[in-house]
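Beneath this line is the structure, given in structure tokens, with notes to follow.
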Protein chains: 2
Amino acid sequence: MEPHQQLCPKFEAAFRLLGKRWSGLIIQVMMSGPKRFKELSEAINGVSDRVLTERLKELEEAGILVRRVYPETPVRIEYELTEKGYDLRAVMQATQKWGETWF
Amino acid sequence: MEPHQQLCPKFEAAFRLLGKRWSGLIIQVMMSGPKRFKELSEAINGVSDRVLTERLKELEEAGILVRRVYPETPVRIEYELTEKGYDLRAVMQATQKWGETWF
């Protein structure tokens, strides 16, 4: 038996989240700081507004990002990774490196 | 735009694979060396033989592991991670660490 084996269901949940189309890319784009919806949709080729909205909601529910509403005129809405979200950097980098080596 | 952004579809594919139930755990158990089917099924609580067989096939098709048949009597069959599979160690460890911190 491996140490920490009992944690696997949790990290499978993390992988499932990250494995959904666009989720990894959304997180990667947000690693550089808060983004508006339009910035995300422009940075990510091929994602529809409907699907991007859906993914942002899922990531918000998972505690990976927060949606901030600034009561300006016009209202400004930004999405920002939480500490939990930013902390995925090492996972993203390790997977990135694996992908670069093996694909 | 982030560097390497174009790789994301590939690592989303990796995350999808790892996000399937039991896959992460199978890989983790195999990190310590080749395993027989019975060793895997005993190490992983709750997985049925049917589902374990299915996951092993998927991981074999993805080039993560190989199935070796030794023509002994009785025949011996072992599953072993490929170099590509063993190279997931850093991904597993980073995700493990993230899971330990945030769950």
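The chains in the structure tokens are called A, B, ... from first to last as shown; in each chain the residues are counted from 1, and the ligands are counted from 1 in the order shown.
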Among chain A, which residues does DSSP mark as alpha helix (DSSP H) when it is run on the backbone? Keep the chain and numbering as in the structure and answer as a ChimeraX atom specification.
/A:8-18,23-30,37-43,49-61,83-86,89-102
With 6 Å as the limit and counting only C-alpha atoms, what residues in chain A lie close to chain B? Please list them as an NGL selection string.
:A and (8 or 11-12 or 15-16 or 19 or 25 or 90-91 or 94-95 or 99)
10 Å contact set for Glu78 of chain A, only C-alpha atoms, chain neighbours under 3 positions out, as a PyMOL selection string
chain A and resi 33-39+66-70
Could the residues in this selection be written to a file with C-alpha atoms, as a short mmCIF file (atom, residue, chain, number, x, y, z; two decimals), in the first residue's frame?
data_model
loop_
_atom_site.label_atom_id
_atom_site.label_comp_id
_atom_site.auth_asym_id
_atom_site.auth_seq_id
_atom_site.Cartn_x
_atom_site.Cartn_y
_atom_site.Cartn_z
CA GLY A 33 -4.22 37.80 -12.50
CA PRO A 34 -7.92 38.78 -12.45
CA LYS A 35 -9.67 38.71 -15.81
CA ARG A 36 -12.92 40.04 -17.22
CA PHE A 37 -15.23 37.69 -19.09
CA LYS A 38 -14.29 39.29 -22.42
CA GLU A 39 -10.56 38.86 -21.73
CA VAL A 66 -14.27 34.08 -7.24
CA ARG A 67 -16.47 36.39 -9.24
CA ARG A 68 -16.17 40.02 -8.13
CA VAL A 69 -18.70 42.67 -9.03
CA TYR A 70 -17.49 46.29 -8.87
#
